$ cat coords_0.pdb   # PDB, C-alpha atoms and all ligand atoms
ATOM      1  CA  GLN A   5      -5.684  -2.840 -21.782
ATOM      2  CA  PHE A   6      -8.494  -2.348 -19.322
ATOM      3  CA  HIS A   7     -12.239  -2.614 -19.249
ATOM      4  CA  THR A   8     -14.173   0.630 -19.682
ATOM      5  CA  ILE A   9     -17.338   0.975 -17.640
ATOM      6  CA  LYS A  10     -20.259   3.141 -18.673
ATOM      7  CA  TYR A  11     -20.784   6.123 -16.340
ATOM      8  CA  GLU A  12     -24.509   5.446 -16.246
ATOM      9  CA  ASP A  13     -23.793   1.964 -14.872
ATOM     10  CA  LEU A  14     -22.199   3.507 -11.772
ATOM     11  CA  LYS A  15     -23.922   4.829  -8.652
ATOM     12  CA  TRP A  16     -22.153   6.985  -6.044
ATOM     13  CA  ASP A  17     -22.832   6.432  -2.344
ATOM     14  CA  GLU A  18     -20.983   7.997   0.595
ATOM     15  CA  SER A  19     -17.597   9.679   0.336
ATOM     16  CA  LEU A  20     -14.856   7.707   2.088
ATOM     17  CA  GLY A  21     -12.145  10.360   2.108
ATOM     18  CA  GLN A  22      -9.278  11.133  -0.181
ATOM     19  CA  GLY A  23      -5.871   9.836  -1.203
ATOM     20  CA  SER A  24      -3.295  12.102  -2.883
ATOM     21  CA  PHE A  25      -4.957  13.658  -6.008
ATOM     22  CA  THR A  26      -7.910  11.314  -5.668
ATOM     23  CA  ARG A  27     -11.236  11.140  -3.852
ATOM     24  CA  ILE A  28     -12.793   7.824  -2.924
ATOM     25  CA  PHE A  29     -16.452   6.905  -2.645
ATOM     26  CA  LYS A  30     -18.412   3.794  -1.877
ATOM     27  CA  GLY A  31     -20.573   2.934  -4.870
ATOM     28  CA  GLU A  32     -22.284   0.353  -7.020
ATOM     29  CA  LYS A  33     -21.779  -0.859 -10.548
ATOM     30  CA  THR A  34     -24.472  -2.508 -12.558
ATOM     31  CA  ASP A  35     -23.835  -4.941 -15.314
ATOM     32  CA  TYR A  36     -26.241  -6.903 -17.408
ATOM     33  CA  ARG A  37     -25.126 -10.515 -17.923
ATOM     34  CA  ASP A  38     -27.179 -13.261 -19.516
ATOM     35  CA  GLY A  39     -30.193 -10.933 -19.495
ATOM     36  CA  GLU A  40     -29.983 -10.367 -15.726
ATOM     37  CA  LYS A  41     -29.130  -7.157 -13.892
ATOM     38  CA  HIS A  42     -26.213  -7.598 -11.434
ATOM     39  CA  THR A  43     -25.267  -4.956  -8.883
ATOM     40  CA  THR A  44     -21.815  -5.052  -7.289
ATOM     41  CA  GLU A  45     -20.517  -2.990  -4.378
ATOM     42  CA  VAL A  46     -17.439  -1.054  -5.579
ATOM     43  CA  LEU A  47     -14.935   1.603  -4.529
ATOM     44  CA  LEU A  48     -14.976   4.572  -6.880
ATOM     45  CA  LYS A  49     -11.621   6.362  -7.005
ATOM     46  CA  GLU A  50     -11.950   9.746  -8.755
ATOM     47  CA  LEU A  51      -8.942  11.643 -10.045
ATOM     48  CA  ASP A  52      -9.139  15.284  -8.895
ATOM     49  CA  PRO A  53     -10.178  17.376 -11.933
ATOM     50  CA  ASP A  54      -7.301  19.790 -11.233
ATOM     51  CA  HIS A  55      -4.885  16.879 -11.728
ATOM     52  CA  LYS A  56      -6.491  15.644 -14.907
ATOM     53  CA  ASN A  57      -3.142  16.010 -16.684
ATOM     54  CA  CYS A  58      -2.158  12.935 -14.673
ATOM     55  CA  TRP A  59      -5.010  10.918 -16.147
ATOM     56  CA  GLU A  60      -2.645   8.769 -18.249
ATOM     57  CA  SER A  61      -0.653   7.826 -15.184
ATOM     58  CA  PHE A  62      -3.902   7.275 -13.249
ATOM     59  CA  PHE A  63      -5.109   4.856 -15.925
ATOM     60  CA  GLU A  64      -1.671   3.298 -16.220
ATOM     61  CA  ALA A  65      -2.067   2.347 -12.556
ATOM     62  CA  ALA A  66      -5.496   0.872 -13.380
ATOM     63  CA  SER A  67      -4.173  -1.141 -16.299
ATOM     64  CA  PHE A  68      -1.219  -2.268 -14.163
ATOM     65  CA  MET A  69      -3.734  -3.707 -11.699
ATOM     66  CA  SER A  70      -5.964  -5.200 -14.384
ATOM     67  CA  GLN A  71      -3.150  -7.019 -16.189
ATOM     68  CA  ILE A  72      -2.117  -9.208 -13.293
ATOM     69  CA  SER A  73      -4.091 -11.037 -10.674
ATOM     70  CA  HIS A  74      -2.992 -12.354  -7.305
ATOM     71  CA  LYS A  75      -4.880 -13.054  -4.103
ATOM     72  CA  HIS A  76      -3.071 -10.173  -2.373
ATOM     73  CA  LEU A  77      -3.519  -7.696  -5.247
ATOM     74  CA  LEU A  78      -6.570  -5.430  -5.326
ATOM     75  CA  HIS A  79      -8.987  -6.249  -8.169
ATOM     76  CA  VAL A  80      -9.725  -3.341 -10.505
ATOM     77  CA  TYR A  81     -12.947  -3.773 -12.551
ATOM     78  CA  GLY A  82     -12.052  -1.009 -14.984
ATOM     79  CA  VAL A  83     -12.239   2.711 -15.611
ATOM     80  CA  SER A  84     -14.915   5.200 -16.529
ATOM     81  CA  VAL A  85     -14.513   8.648 -18.118
ATOM     82  CA  HIS A  86     -17.323  11.198 -18.052
ATOM     83  CA  GLY A  87     -16.522  14.792 -18.989
ATOM     84  CA  ASP A  88     -13.535  15.791 -16.859
ATOM     85  CA  LYS A  89     -14.151  12.922 -14.429
ATOM     86  CA  ASN A  90     -11.685  10.031 -14.528
ATOM     87  CA  ILE A  91     -12.828   7.149 -12.331
ATOM     88  CA  MET A  92     -11.141   3.889 -11.390
ATOM     89  CA  VAL A  93     -13.643   1.199 -10.338
ATOM     90  CA  GLN A  94     -12.162  -1.125  -7.717
ATOM     91  CA  GLU A  95     -13.379  -4.015  -5.627
ATOM     92  CA  PHE A  96     -14.702  -2.594  -2.363
ATOM     93  CA  VAL A  97     -12.430  -3.710   0.484
ATOM     94  CA  LYS A  98     -14.412  -3.930   3.716
ATOM     95  CA  HIS A  99     -11.975  -2.489   6.247
ATOM     96  CA  GLY A 100     -10.205   0.131   4.153
ATOM     97  CA  ALA A 101      -6.604   1.293   4.307
ATOM     98  CA  LEU A 102      -4.176  -0.254   6.774
ATOM     99  CA  ASP A 103      -2.531   3.014   7.917
ATOM    100  CA  LEU A 104      -5.809   4.170   9.485
ATOM    101  CA  TYR A 105      -6.525   0.703  10.875
ATOM    102  CA  LEU A 106      -3.096   0.531  12.552
ATOM    103  CA  LYS A 107      -3.685   3.925  14.172
ATOM    104  CA  ARG A 108      -7.157   2.925  15.348
ATOM    105  CA  GLU A 109      -6.510  -0.621  16.599
ATOM    106  CA  LYS A 110      -3.984  -0.160  19.366
ATOM    107  CA  SER A 111      -3.760  -3.761  20.573
ATOM    108  CA  LEU A 112      -2.786  -5.710  17.448
ATOM    109  CA  SER A 113      -0.624  -8.704  18.405
ATOM    110  CA  VAL A 114       2.913  -9.276  17.133
ATOM    111  CA  SER A 115       1.669 -12.407  15.347
ATOM    112  CA  TRP A 116      -1.012 -10.286  13.614
ATOM    113  CA  LYS A 117       1.698  -7.889  12.424
ATOM    114  CA  LEU A 118       3.991 -10.728  11.341
ATOM    115  CA  ASN A 119       1.148 -12.370   9.403
ATOM    116  CA  VAL A 120       0.420  -9.122   7.521
ATOM    117  CA  ALA A 121       4.132  -8.535   6.797
ATOM    118  CA  LYS A 122       4.380 -12.061   5.328
ATOM    119  CA  GLN A 123       1.383 -11.408   3.038
ATOM    120  CA  LEU A 124       3.062  -8.234   1.777
ATOM    121  CA  ALA A 125       6.334 -10.134   1.210
ATOM    122  CA  CYS A 126       4.373 -12.730  -0.735
ATOM    123  CA  VAL A 127       2.880 -10.205  -3.178
ATOM    124  CA  LEU A 128       6.252  -8.400  -3.407
ATOM    125  CA  ASN A 129       7.820 -11.714  -4.456
ATOM    126  CA  PHE A 130       5.039 -12.295  -6.991
ATOM    127  CA  LEU A 131       5.543  -8.821  -8.523
ATOM    128  CA  GLU A 132       9.305  -9.401  -8.756
ATOM    129  CA  GLU A 133       8.737 -12.772 -10.440
ATOM    130  CA  GLN A 134       6.441 -10.974 -12.926
ATOM    131  CA  SER A 135       9.149  -8.272 -13.368
ATOM    132  CA  ILE A 136       6.619  -5.687 -12.255
ATOM    133  CA  ILE A 137       7.540  -2.712 -10.088
ATOM    134  CA  HIS A 138       4.809  -1.221  -7.894
ATOM    135  CA  GLY A 139       6.593   1.955  -6.839
ATOM    136  CA  ASN A 140       4.385   3.028  -3.956
ATOM    137  CA  ILE A 141       4.338   0.387  -1.246
ATOM    138  CA  CYS A 142       3.183   1.838   2.089
ATOM    139  CA  ALA A 143       0.546   1.075   4.732
ATOM    140  CA  LYS A 144      -1.815   3.607   3.079
ATOM    141  CA  ASN A 145      -1.805   1.393  -0.014
ATOM    142  CA  LEU A 146      -2.496  -1.821   1.897
ATOM    143  CA  LEU A 147      -6.163  -2.678   2.289
ATOM    144  CA  LEU A 148      -7.659  -4.904   4.968
ATOM    145  CA  VAL A 149     -10.071  -7.407   3.422
ATOM    146  CA  ARG A 150     -10.695  -9.392   6.598
ATOM    147  CA  GLU A 151     -10.036  -8.717  10.251
ATOM    148  CA  GLU A 152      -8.614 -11.441  12.422
ATOM    149  CA  ASP A 153     -10.972 -13.384  14.646
ATOM    150  CA  PRO A 154      -8.758 -15.343  17.065
ATOM    151  CA  SER A 155     -11.783 -17.150  18.566
ATOM    152  CA  GLN A 156     -12.466 -18.661  15.120
ATOM    153  CA  GLY A 157      -8.776 -18.991  14.215
ATOM    154  CA  ILE A 158      -9.281 -16.437  11.429
ATOM    155  CA  SER A 159      -6.204 -14.398  10.511
ATOM    156  CA  PRO A 160      -6.157 -10.954   8.836
ATOM    157  CA  PHE A 161      -6.107 -10.719   5.026
ATOM    158  CA  ILE A 162      -4.633  -7.772   3.098
ATOM    159  CA  LYS A 163      -4.442  -6.663  -0.526
ATOM    160  CA  LEU A 164      -1.992  -4.262  -2.147
ATOM    161  CA  SER A 165      -3.725  -1.316  -3.807
ATOM    162  CA  ASP A 166      -2.826   0.433  -7.060
ATOM    163  CA  PRO A 167       0.364   2.547  -7.007
ATOM    164  CA  GLY A 168      -1.547   5.742  -7.852
ATOM    165  CA  ILE A 169       0.026   8.500  -9.938
ATOM    166  CA  ASN A 170       3.524   7.548 -11.081
ATOM    167  CA  VAL A 171       6.095   9.200  -8.828
ATOM    168  CA  ALA A 172       7.876  10.628 -11.919
ATOM    169  CA  MET A 173       4.731  12.714 -12.606
ATOM    170  CA  LEU A 174       4.753  14.228  -9.144
ATOM    171  CA  GLY A 175       6.344  17.510  -8.104
ATOM    172  CA  LYS A 176       9.404  17.613  -5.862
ATOM    173  CA  ASP A 177       7.333  18.576  -2.823
ATOM    174  CA  VAL A 178       5.035  15.574  -3.210
ATOM    175  CA  ILE A 179       8.054  13.298  -3.613
ATOM    176  CA  MET A 180       9.415  14.769  -0.362
ATOM    177  CA  HIS A 181       6.264  13.579   1.387
ATOM    178  CA  ARG A 182       7.043  10.026   0.242
ATOM    179  CA  ILE A 183      10.176  10.018   2.451
ATOM    180  CA  PRO A 184      10.978   7.538   4.069
ATOM    181  CA  TRP A 185       8.939   5.145   1.898
ATOM    182  CA  ILE A 186      10.584   6.187  -1.391
ATOM    183  CA  ALA A 187      14.049   4.668  -1.951
ATOM    184  CA  PRO A 188      16.838   7.276  -1.710
ATOM    185  CA  GLU A 189      18.094   6.562  -5.255
ATOM    186  CA  SER A 190      14.573   7.246  -6.563
ATOM    187  CA  LEU A 191      14.639  10.832  -5.281
ATOM    188  CA  ALA A 192      17.294  11.645  -7.876
ATOM    189  CA  ALA A 193      15.808   9.438 -10.593
ATOM    190  CA  PRO A 194      12.077   8.940 -10.002
ATOM    191  CA  ASP A 195      11.599   7.708 -13.567
ATOM    192  CA  ASN A 196      13.727   4.621 -13.257
ATOM    193  CA  LEU A 197      12.314   2.612 -10.399
ATOM    194  CA  THR A 198      13.730  -0.851  -9.735
ATOM    195  CA  HIS A 199      12.651  -3.890  -7.747
ATOM    196  CA  GLU A 200      15.132  -2.704  -5.101
ATOM    197  CA  CYS A 201      12.995   0.429  -4.672
ATOM    198  CA  ASP A 202      10.031  -1.750  -3.733
ATOM    199  CA  LYS A 203      12.198  -3.553  -1.158
ATOM    200  CA  TRP A 204      13.157  -0.258   0.490
ATOM    201  CA  SER A 205       9.466   0.678   0.674
ATOM    202  CA  PHE A 206       8.681  -2.790   2.035
ATOM    203  CA  GLY A 207      11.125  -2.116   4.906
ATOM    204  CA  ALA A 208       9.483   1.226   5.713
ATOM    205  CA  THR A 209       6.020  -0.396   5.551
ATOM    206  CA  VAL A 210       7.011  -3.240   7.918
ATOM    207  CA  TRP A 211       8.324  -0.532  10.256
ATOM    208  CA  GLU A 212       4.888   1.161  10.086
ATOM    209  CA  ILE A 213       3.077  -2.112  10.773
ATOM    210  CA  PHE A 214       5.183  -2.830  13.880
ATOM    211  CA  ASN A 215       4.955   0.786  15.010
ATOM    212  CA  ASN A 216       1.145   0.934  15.080
ATOM    213  CA  GLY A 217       1.004   3.362  12.156
ATOM    214  CA  ASN A 218       2.966   6.044  14.007
ATOM    215  CA  PRO A 219       4.681   8.466  11.627
ATOM    216  CA  PRO A 220       8.214   7.204  10.860
ATOM    217  CA  LEU A 221       9.690  10.715  10.944
ATOM    218  CA  GLN A 222       9.031  13.271  13.653
ATOM    219  CA  ASP A 223       7.340  16.389  12.261
ATOM    220  CA  ASN A 224      10.440  18.470  12.949
ATOM    221  CA  THR A 225      12.682  16.217  10.817
ATOM    222  CA  LYS A 226      13.643  17.783   7.492
ATOM    223  CA  PRO A 227      12.947  14.926   5.036
ATOM    224  CA  HIS A 228      15.929  15.466   2.705
ATOM    225  CA  VAL A 229      18.327  15.572   5.674
ATOM    226  CA  PHE A 230      17.197  12.050   6.588
ATOM    227  CA  TYR A 231      18.666  10.723   3.307
ATOM    228  CA  GLU A 232      21.621  13.130   3.163
ATOM    229  CA  ASN A 233      22.774  11.856   6.548
ATOM    230  CA  LYS A 234      21.968   8.244   5.554
ATOM    231  CA  GLN A 235      19.769   7.986   8.616
ATOM    232  CA  GLN A 236      17.778   4.894   9.540
ATOM    233  CA  LEU A 237      14.335   4.625  11.149
ATOM    234  CA  PRO A 238      14.394   4.039  14.939
ATOM    235  CA  PRO A 239      15.350   0.351  15.326
ATOM    236  CA  SER A 240      12.993  -2.156  16.904
ATOM    237  CA  GLN A 241      14.075  -3.772  20.161
ATOM    238  CA  TRP A 242      13.384  -7.067  18.389
ATOM    239  CA  THR A 243      16.848  -7.440  16.879
ATOM    240  CA  GLU A 244      15.958  -9.857  14.072
ATOM    241  CA  LEU A 245      13.120  -7.559  12.959
ATOM    242  CA  ALA A 246      15.372  -4.496  13.141
ATOM    243  CA  ASP A 247      17.976  -6.379  11.067
ATOM    244  CA  LEU A 248      15.460  -7.258   8.329
ATOM    245  CA  ILE A 249      14.125  -3.691   8.152
ATOM    246  CA  GLY A 250      17.705  -2.406   8.116
ATOM    247  CA  GLN A 251      18.677  -4.743   5.241
ATOM    248  CA  CYS A 252      15.645  -3.656   3.171
ATOM    249  CA  MET A 253      16.429  -0.004   3.889
ATOM    250  CA  SER A 254      20.098  -0.230   2.893
ATOM    251  CA  TYR A 255      21.321   2.905   1.125
ATOM    252  CA  ASP A 256      23.414   0.546  -1.026
ATOM    253  CA  LEU A 257      20.797  -1.252  -3.098
ATOM    254  CA  ALA A 258      23.133  -4.217  -3.581
ATOM    255  CA  PHE A 259      22.727  -4.961   0.125
ATOM    256  CA  ARG A 260      18.922  -5.214  -0.050
ATOM    257  CA  PRO A 261      17.844  -8.857   0.359
ATOM    258  CA  SER A 262      16.140 -10.955  -2.308
ATOM    259  CA  CYS A 263      12.410 -11.553  -1.839
ATOM    260  CA  ARG A 264      13.192 -15.164  -1.025
ATOM    261  CA  SER A 265      15.529 -14.031   1.738
ATOM    262  CA  ILE A 266      12.897 -11.599   3.043
ATOM    263  CA  ILE A 267      10.336 -14.424   3.218
ATOM    264  CA  ARG A 268      12.864 -16.769   4.843
ATOM    265  CA  GLN A 269      13.778 -14.184   7.470
ATOM    266  CA  LEU A 270      10.115 -13.402   8.185
ATOM    267  CA  ASN A 271       9.370 -17.107   8.599
ATOM    268  CA  SER A 272      12.245 -17.407  11.060
ATOM    269  CA  LEU A 273      10.858 -14.508  13.108
ATOM    270  CA  VAL A 274       8.744 -16.890  15.100
ATOM    271  CA  THR A 275       6.684 -15.204  17.733
ATOM    272  CA  SER A 276       8.087 -17.000  20.730
ATOM    273  CA  GLY A 277       4.676 -16.414  22.290
ATOM    274  CA  ASN A 278       5.872 -14.062  25.000
ATOM    275  CA  ASN A 279       7.046 -11.262  22.747
ATOM    276  CA  ASP A 280       3.456 -10.030  22.575
ATOM    277  CA  ASP A 281       3.907  -8.466  25.988
ATOM    278  CA  HIS A 282       7.119  -6.517  25.540
ATOM    279  CA  THR A 283       6.882  -3.614  23.139
ATOM    280  CA  VAL A 284       8.660  -4.295  19.883
ATOM    281  CA  PHE A 285       9.306  -0.556  19.595
ATOM    282  CA  ASP A 286       9.546   1.410  22.760
ATOM    283  CA  GLU A 287       6.666   3.769  23.296
ATOM    284  CA  ARG A 288       8.551   7.051  22.771
ATOM    285  CA  TYR A 289       8.752   6.505  18.995
TER     286      TYR A 289
HETATM  287  N1  LIG A 301     -14.443   3.946   6.862
HETATM  288  C1  LIG A 301     -14.117   3.339   5.917
HETATM  289  C2  LIG A 301     -13.709   2.616   4.737
HETATM  290  C3  LIG A 301     -12.927   3.239   3.763
HETATM  291  C4  LIG A 301     -12.552   2.544   2.619
HETATM  292  C5  LIG A 301     -12.968   1.214   2.448
HETATM  293  N2  LIG A 301     -12.651   0.452   1.321
HETATM  294  C6  LIG A 301     -11.681   0.664   0.379
HETATM  295  N3  LIG A 301     -11.684  -0.130  -0.721
HETATM  296  C7  LIG A 301     -10.731   0.090  -1.683
HETATM  297  N4  LIG A 301     -10.727  -0.675  -2.815
HETATM  298  C8  LIG A 301      -9.773   1.089  -1.532
HETATM  299  C9  LIG A 301      -9.824   1.851  -0.371
HETATM  300  N5  LIG A 301      -8.900   2.868  -0.125
HETATM  301  C10 LIG A 301      -8.794   3.634   1.006
HETATM  302  C11 LIG A 301      -7.728   4.498   0.807
HETATM  303  C12 LIG A 301      -7.234   4.204  -0.453
HETATM  304  C13 LIG A 301      -6.057   4.926  -1.113
HETATM  305  O1  LIG A 301      -5.396   4.096  -1.988
HETATM  306  N6  LIG A 301      -7.938   3.210  -1.016
HETATM  307  N7  LIG A 301     -10.773   1.638   0.569
HETATM  308  C14 LIG A 301     -13.744   0.603   3.440
HETATM  309  C15 LIG A 301     -14.119   1.292   4.583
END
$ encode --input "coords_0.pdb" --output "structure tokens" --more "lines below"
Ligand SMILES: N#Cc1ccc(Nc2nc(N)cc(-n3ccc(CO)n3)n2)cc1
Amino acid sequence: QFHTIKYEDLKWDESLGQGSFTRIFKGEKTDYRDGEKHTTEVLLKELDPDHKNCWESFFEAASFMSQISHKHLLHVYGVSVHGDKNIMVQEFVKHGALDLYLKREKSLSVSWKLNVAKQLACVLNFLEEQSIIHGNICAKNLLLVREEDPSQGISPFIKLSDPGINVAMLGKDVIMHRIPWIAPESLAAPDNLTHECDKWSFGATVWEIFNNGNPPLQDNTKPHVFYENKQQLPPSQWTELADLIGQCMSYDLAFRPSCRSIIRQLNSLVTSGNNDDHTVFDERY
């Protein structure tokens, strides 16, 4: 269910950091087509050898990404296994993960943020139509293919990355670190994710996007208390935005909006031009 790539056709360049249980490197893959040698720039995502028991879930994520294609879904070329190394070979996305970009770029406009949120809603809708659950939607798993260039009228372009190791495979402590992105009902039953779980995570991710990648919970917050007390993330001063995030992050999953409603509400959140000046979240959060 996915393409296997020969280890000797891969070349490792610089390390680009690490996700949870994985290390990522810039690299190249070589393939020989119609007698010619083609070299492609790739992202090599290595599963940590001390988590090799998760290799099935790691490759499940790869096959998940290989089975469907959408303009806002990351392309996965295939996988390579060499000794105790499990490697997922992905398209190299120029500007990397959105969580770091949000933290770095402090003056992103509200229309930039709205545009990115709409792209995420679009791929969320596509996944729901394909009855596919991602299970790990967050700014860390959004990749920035193209920066905006207002002078050329070029808007940002994002892709959703693979979901990584299935949350059911992860220990309790790791699941705790997924609060507040993981839906509350998934804490108790991480092995039966629903489309509603992805909507909860969508709400938390939109919150991140509009909050410049600031951490949703203060370090001193005990994660499980947040759900026990049915707490919400600090609301935006932009009421319509706060309402949408609040609907997606309903503790009662029946109250979470359909993807169509999410898209409709995002489209009605027109940037009335002047809301770029006032802060959508006040600075103390
Ligand atoms: N400096 C810098 C820099 C770093 C990465 C990229 N590119 C890229 N391409 C992908 N296909 C996936 C990722 N990821 C990054 C985190 C995760 C975790 O999921 N993936 N980064 C480009 C520049």
$ axis_aligned_box --input "coords_0.pdb" --around "stretch 216-229 of chain A" --padding-each-side "8 Å" --output "lines of an AutoDock Vina configuration file"
center_x = 9.7
center_y = 9.7
center_z = 8.9
size_x = 33.3
size_y = 33.5
size_z = 28.4
$ residues_near_ligand --input "coords_0.pdb" --ligand "ligand LIG 301 (chain A)" --cutoff "8 Å" --atoms "all atoms listed in the file" --output "ChimeraX atom specification"
/A:20-24,28-30,46-49,78-79,94-101,144-147,165-168
$ closest_residue --input "coords_0.pdb" --among "A:Trp242, A:Tyr81, A:Phe6, A:Lys75" --to "A:Glu32" --atoms "all atoms listed in the file"
A:Tyr81
$ closest_residue --input "coords_0.pdb" --among "A:Leu77, A:Gly31, A:Lys122, A:Ile136" --to "A:Val93" --atoms "only C-alpha atoms"
A:Gly31
$ closest_residue --input "coords_0.pdb" --among "A:Val120, A:Leu273, A:Ile137, A:Leu248" --to "A:Lys163" --atoms "only C-alpha atoms"
A:Val120
